[in-house]
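Novice: File work-v8.cif follows (mmCIF, C-alpha atoms):
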data_protein
loop_
_atom_site.group_PDB
_atom_site.id
_atom_site.type_symbol
_atom_site.label_atom_id
_atom_site.label_comp_id
_atom_site.auth_asym_id
_atom_site.auth_seq_id
_atom_site.Cartn_x
_atom_site.Cartn_y
_atom_site.Cartn_z
ATOM 1 C CA MET A 175 41.148 0.865 -18.098
ATOM 2 C CA ASN A 176 38.941 0.918 -15.047
ATOM 3 C CA LYS A 177 37.163 -2.096 -13.730
ATOM 4 C CA LYS A 178 33.354 -2.058 -13.406
ATOM 5 C CA SER A 179 32.056 0.871 -11.449
ATOM 6 C CA GLY A 180 29.332 0.202 -8.941
ATOM 7 C CA PHE A 181 25.701 0.099 -9.995
ATOM 8 C CA THR A 182 22.800 0.468 -7.631
ATOM 9 C CA LEU A 183 19.070 0.293 -8.174
ATOM 10 C CA ALA A 184 18.701 2.848 -5.385
ATOM 11 C CA ARG A 185 20.396 5.615 -7.390
ATOM 12 C CA LYS A 186 18.130 8.655 -7.527
ATOM 13 C CA ASP A 187 17.418 9.987 -10.991
ATOM 14 C CA GLU A 188 15.382 13.135 -10.420
ATOM 15 C CA GLU A 189 15.049 13.913 -14.131
ATOM 16 C CA MET A 190 13.596 10.475 -14.913
ATOM 17 C CA THR A 191 11.396 10.491 -11.803
ATOM 18 C CA ASP A 192 9.959 13.876 -12.744
ATOM 19 C CA LEU A 193 9.214 12.698 -16.279
ATOM 20 C CA VAL A 194 7.483 9.580 -14.949
ATOM 21 C CA LYS A 195 5.305 11.782 -12.713
ATOM 22 C CA GLU A 196 4.241 13.812 -15.776
ATOM 23 C CA THR A 197 3.296 10.768 -17.862
ATOM 24 C CA ASP A 198 -0.038 8.934 -17.985
ATOM 25 C CA HIS A 199 -0.417 5.376 -16.734
ATOM 26 C CA LYS A 200 -0.784 3.501 -20.024
ATOM 27 C CA THR A 201 2.100 5.383 -21.632
ATOM 28 C CA LEU A 202 4.274 4.297 -18.699
ATOM 29 C CA ALA A 203 3.175 0.711 -19.281
ATOM 30 C CA ILE A 204 4.169 0.919 -22.953
ATOM 31 C CA TRP A 205 7.517 2.417 -21.946
ATOM 32 C CA ALA A 206 8.100 -0.340 -19.374
ATOM 33 C CA ILE A 207 7.499 -2.979 -22.042
ATOM 34 C CA ASP A 208 9.861 -1.242 -24.439
ATOM 35 C CA CYS A 209 12.585 -1.067 -21.766
ATOM 36 C CA VAL A 210 12.187 -4.749 -20.909
ATOM 37 C CA GLU A 211 12.101 -5.943 -24.507
ATOM 38 C CA ARG A 212 15.584 -4.496 -25.014
ATOM 39 C CA VAL A 213 17.029 -6.798 -22.317
ATOM 40 C CA LEU A 214 14.657 -9.791 -22.287
ATOM 41 C CA PRO A 215 16.889 -11.682 -24.773
ATOM 42 C CA TYR A 216 19.448 -12.075 -21.955
ATOM 43 C CA PHE A 217 16.893 -14.197 -20.125
ATOM 44 C CA GLU A 218 15.520 -15.964 -23.188
ATOM 45 C CA ILE A 219 18.982 -17.082 -24.316
ATOM 46 C CA GLN A 220 19.853 -18.464 -20.897
ATOM 47 C CA CYS A 221 16.417 -19.988 -20.186
ATOM 48 C CA PRO A 222 14.772 -20.594 -23.580
ATOM 49 C CA GLN A 223 12.051 -22.874 -22.191
ATOM 50 C CA ASP A 224 10.947 -20.478 -19.424
ATOM 51 C CA LYS A 225 8.175 -18.228 -20.704
ATOM 52 C CA ARG A 226 7.244 -16.541 -17.415
ATOM 53 C CA PRO A 227 8.934 -13.152 -18.030
ATOM 54 C CA GLY A 228 7.521 -13.071 -21.561
ATOM 55 C CA ASN A 229 4.093 -13.988 -20.197
ATOM 56 C CA ALA A 230 4.348 -11.034 -17.814
ATOM 57 C CA ILE A 231 4.895 -8.705 -20.764
ATOM 58 C CA GLU A 232 1.945 -10.284 -22.585
ATOM 59 C CA ALA A 233 -0.260 -9.719 -19.519
ATOM 60 C CA LEU A 234 0.686 -6.045 -19.488
ATOM 61 C CA GLN A 235 0.033 -5.751 -23.231
ATOM 62 C CA THR A 236 -3.427 -7.236 -22.645
ATOM 63 C CA TRP A 237 -4.153 -4.634 -19.963
ATOM 64 C CA ILE A 238 -3.008 -1.831 -22.277
ATOM 65 C CA ARG A 239 -5.170 -3.139 -25.124
ATOM 66 C CA THR A 240 -8.340 -3.960 -23.150
ATOM 67 C CA GLY A 241 -8.143 -1.777 -20.065
ATOM 68 C CA GLU A 242 -9.341 -4.760 -18.031
ATOM 69 C CA PHE A 243 -7.515 -5.074 -14.750
ATOM 70 C CA HIS A 244 -7.586 -8.297 -12.760
ATOM 71 C CA MET A 245 -5.296 -8.001 -9.756
ATOM 72 C CA ALA A 246 -4.941 -11.764 -9.376
ATOM 73 C CA ASP A 247 -3.672 -12.108 -12.963
ATOM 74 C CA ILE A 248 -1.261 -9.167 -12.718
ATOM 75 C CA ARG A 249 0.051 -10.324 -9.338
ATOM 76 C CA LYS A 250 0.569 -13.892 -10.595
ATOM 77 C CA ALA A 251 2.383 -12.729 -13.724
ATOM 78 C CA SER A 252 4.653 -10.481 -11.649
ATOM 79 C CA LEU A 253 5.403 -13.127 -9.019
ATOM 80 C CA ASP A 254 6.041 -15.732 -11.725
ATOM 81 C CA ALA A 255 8.574 -13.472 -13.464
ATOM 82 C CA HIS A 256 10.329 -12.815 -10.147
ATOM 83 C CA ALA A 257 10.357 -16.568 -9.426
ATOM 84 C CA ALA A 258 11.990 -17.116 -12.807
ATOM 85 C CA ALA A 259 14.606 -14.533 -11.819
ATOM 86 C CA ARG A 260 15.360 -16.342 -8.566
ATOM 87 C CA GLU A 261 15.710 -19.646 -10.399
ATOM 88 C CA VAL A 262 18.404 -18.186 -12.669
ATOM 89 C CA GLY A 263 20.662 -18.346 -9.637
ATOM 90 C CA ARG A 264 23.534 -15.918 -9.446
ATOM 91 C CA ASP A 265 23.149 -12.247 -10.240
ATOM 92 C CA ASN A 266 23.525 -11.779 -13.974
ATOM 93 C CA ALA A 267 21.845 -10.043 -16.900
ATOM 94 C CA ALA A 268 19.231 -12.806 -17.282
ATOM 95 C CA ARG A 269 18.143 -12.448 -13.675
ATOM 96 C CA SER A 270 17.858 -8.652 -13.978
ATOM 97 C CA ALA A 271 15.871 -8.959 -17.206
ATOM 98 C CA ALA A 272 13.347 -11.295 -15.568
ATOM 99 C CA ARG A 273 13.023 -8.887 -12.630
ATOM 100 C CA ALA A 274 12.452 -6.054 -15.108
ATOM 101 C CA ALA A 275 9.552 -8.029 -16.606
ATOM 102 C CA GLY A 276 8.089 -8.645 -13.143
ATOM 103 C CA GLN A 277 8.196 -4.937 -12.380
ATOM 104 C CA ALA A 278 6.825 -4.000 -15.799
ATOM 105 C CA VAL A 279 3.635 -6.033 -15.438
ATOM 106 C CA ALA A 280 3.119 -4.519 -11.987
ATOM 107 C CA THR A 281 2.819 -1.172 -13.775
ATOM 108 C CA ALA A 282 -0.794 -2.121 -14.518
ATOM 109 C CA HIS A 283 -1.416 -1.887 -10.769
ATOM 110 C CA VAL A 284 0.874 1.032 -9.846
ATOM 111 C CA ALA A 285 2.255 3.265 -12.595
ATOM 112 C CA THR A 286 5.565 3.911 -10.856
ATOM 113 C CA HIS A 287 6.550 0.260 -11.178
ATOM 114 C CA SER A 288 7.545 1.305 -14.696
ATOM 115 C CA LEU A 289 10.515 3.131 -13.206
ATOM 116 C CA ALA A 290 11.616 -0.050 -11.406
ATOM 117 C CA ALA A 291 11.325 -1.967 -14.688
ATOM 118 C CA ALA A 292 13.597 0.597 -16.352
ATOM 119 C CA LYS A 293 16.113 0.387 -13.489
ATOM 120 C CA TYR A 294 16.246 -3.410 -13.658
ATOM 121 C CA ALA A 295 16.757 -3.119 -17.419
ATOM 122 C CA LEU A 296 19.714 -0.821 -16.706
ATOM 123 C CA GLN A 297 21.007 -3.372 -14.217
ATOM 124 C CA ALA A 298 20.789 -6.056 -16.929
ATOM 125 C CA ILE A 299 22.854 -3.833 -19.235
ATOM 126 C CA TYR A 300 25.373 -3.308 -16.427
ATOM 127 C CA ARG A 301 25.657 -7.027 -15.739
ATOM 128 C CA ALA A 302 26.058 -7.851 -19.429
ATOM 129 C CA ALA A 303 28.673 -5.162 -20.058
ATOM 130 C CA ASN A 304 32.383 -5.650 -20.396
ATOM 131 C CA PRO A 305 33.741 -5.355 -16.839
ATOM 132 C CA PHE A 306 36.132 -2.662 -18.021
ATOM 133 C CA ASP A 307 33.473 -0.548 -19.744
ATOM 134 C CA THR A 308 30.161 -0.266 -17.941
ATOM 135 C CA GLU A 309 29.619 3.487 -17.922
ATOM 136 C CA ASP A 310 29.082 3.937 -21.669
ATOM 137 C CA PRO A 311 26.455 1.192 -22.110
ATOM 138 C CA ILE A 312 24.549 2.288 -19.009
ATOM 139 C CA THR A 313 24.655 5.951 -20.007
ATOM 140 C CA ARG A 314 23.481 5.152 -23.546
ATOM 141 C CA GLU A 315 20.631 2.970 -22.269
ATOM 142 C CA ARG A 316 19.524 5.496 -19.659
ATOM 143 C CA ASP A 317 19.558 8.245 -22.288
ATOM 144 C CA TRP A 318 17.517 6.045 -24.637
ATOM 145 C CA GLN A 319 15.014 5.332 -21.832
ATOM 146 C CA TYR A 320 14.600 9.024 -21.070
ATOM 147 C CA GLN A 321 14.255 10.142 -24.699
ATOM 148 C CA HIS A 322 11.913 7.277 -25.527
ATOM 149 C CA LEU A 323 9.633 8.136 -22.621
ATOM 150 C CA ARG A 324 9.595 11.791 -23.699
ATOM 151 C CA GLU A 325 8.645 10.745 -27.240
ATOM 152 C CA LEU A 326 5.900 8.394 -26.028
ATOM 153 C CA ARG A 327 4.519 11.068 -23.695
ATOM 154 C CA ASP A 328 4.593 13.751 -26.383
ATOM 155 C CA ARG A 329 2.874 11.414 -28.873
ATOM 156 C CA GLN A 330 0.132 10.655 -26.327
ATOM 157 C CA GLU A 331 -0.362 14.356 -25.574
ATOM 158 C CA ARG A 332 -0.739 15.097 -29.296
ATOM 159 C CA ALA A 333 -3.277 12.259 -29.627
ATOM 160 C CA ASN A 334 -5.209 13.583 -26.614
ATOM 161 C CA ARG A 335 -5.322 17.106 -28.082
ATOM 162 C CA ALA A 336 -6.484 15.754 -31.433
ATOM 163 C CA ALA A 337 -9.207 13.708 -29.709
ATOM 164 C CA GLU A 338 -10.378 16.796 -27.829
ATOM 165 C CA LYS A 339 -10.702 18.640 -31.133
ATOM 166 C CA GLY A 340 -12.589 15.705 -32.657
ATOM 167 C CA GLU A 341 -9.800 14.884 -35.069
ATOM 168 C CA VAL A 342 -9.122 11.335 -36.162
ATOM 169 C CA SER A 343 -5.494 10.250 -35.978
#
What would you get if you wrote out this structure as structure tokens?

Specialist:
Amino acid sequence: MNKKSGFTLARKDEEMTDLVKETDHKTLAIWAIDCVERVLPYFEIQCPQDKRPGNAIEALQTWIRTGEFHMADIRKASLDAHAAAREVGRDNAARSAARAAGQAVATAHVATHSLAAAKYALQAIYRAANPFDTEDPITRERDWQYQHLRELRDRQERANRAAEKGEVS
């Protein structure tokens, strides 16, 4: 068995980056939330009283639902989630999950923050994995992220086409 392989947030993923570029802003926000919700339990189990990462996700859900953007609120929610990550202490899955939430809410401001949220979610998976088997969980999660984003994008495109034709979905 091999020990943990290295994981870096800086790894280039051209396929994912290209898909993000082809996807509308609100769909990326939904995807970011979905990525974070898969790893947020790591934080919630370790810090059950700290609601800041969850509040960040709620702030993003509010933006998706209402379309109202208040930079001060988004910035505060993001900074609060990152502060929660720092307070976790050492690098672990809980810390990465909180960072993922901080990046996700920032998607309301800049759509490409969704990609950072997904990468931090992958980092949480890496940090939670058995030290002798990190490749399989990371590969499975990355594949889920990619396929899920494709499905969300395709669903939104179908809804847009139906709206253009005057159809009710």

Novice: Nearest residue to A:Ile299 out of A:Ser270, A:Thr197, A:Thr286, A:Gln321, using all atoms listed in the file?

Specialist: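 Checking each candidate against A:Ile299, we get A:Ser270 as the closest.
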
Novice: Please write as a list in words the full residue list that the PyMOL selection byres ((chain A and resi 203) around 9) yields on this file.

Specialist: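 So the PyMOL selection byres ((chain A and resi 203) around 9) ends up selecting Asp198, His199, Lys200, Thr201, Leu202, Ile204, Trp205, Ala206, Ile207, Asp208, Leu234, Gln235, Ile238, Ala278, Val279, Ala280, Thr281, Ala282, Ala285, His287 and Ser288 of chain A.
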
Novice: Residues within 12 Å of A:Glu188, please, as a tab-separated table (two decimals) with C-alpha atoms, in the coordinates of the input. Count only C-alpha atoms; anything in the same chain fewer than 5 positions from it doesn't count.

Specialist:
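around_25.tsv written:
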chain	number	residue	atom	x	y	z
A	193	LEU	CA	9.21	12.70	-16.28
A	194	VAL	CA	7.48	9.58	-14.95
A	195	LYS	CA	5.30	11.78	-12.71
A	289	LEU	CA	10.52	3.13	-13.21
A	320	TYR	CA	14.60	9.02	-21.07

Novice: Please provide the set of residues having any atom within 9 Å of stretch 214-217 of chain A, restricted to only C-alpha atoms, with same-chain residues fewer than 6 positions apart removed, written as a ChimeraX atom specification.

Specialist: /A:224,227-228,259,262,266-272,274-275,295,298,302

Novice: Record the distance separating atom CA of A:Asp247 and atom CA of A:Gln277, expressed in Å with one decimal.

Specialist: 13.9 Å

Novice: Please compute the atom CA of A:Arg226-atom CA of A:Gln297 distance, one decimal, in Å.

Specialist: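 About the pair atom CA of A:Arg226 and atom CA of A:Gln297: they are 19.3 Å apart.
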
Novice: Pick from A:Asp307, A:Glu218, A:Glu196, A:Glu189: nearest to A:Arg327, with only C-alpha atoms counted?

Specialist: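 Using only C-alpha atoms, A:Arg327 sits closest to A:Glu196.
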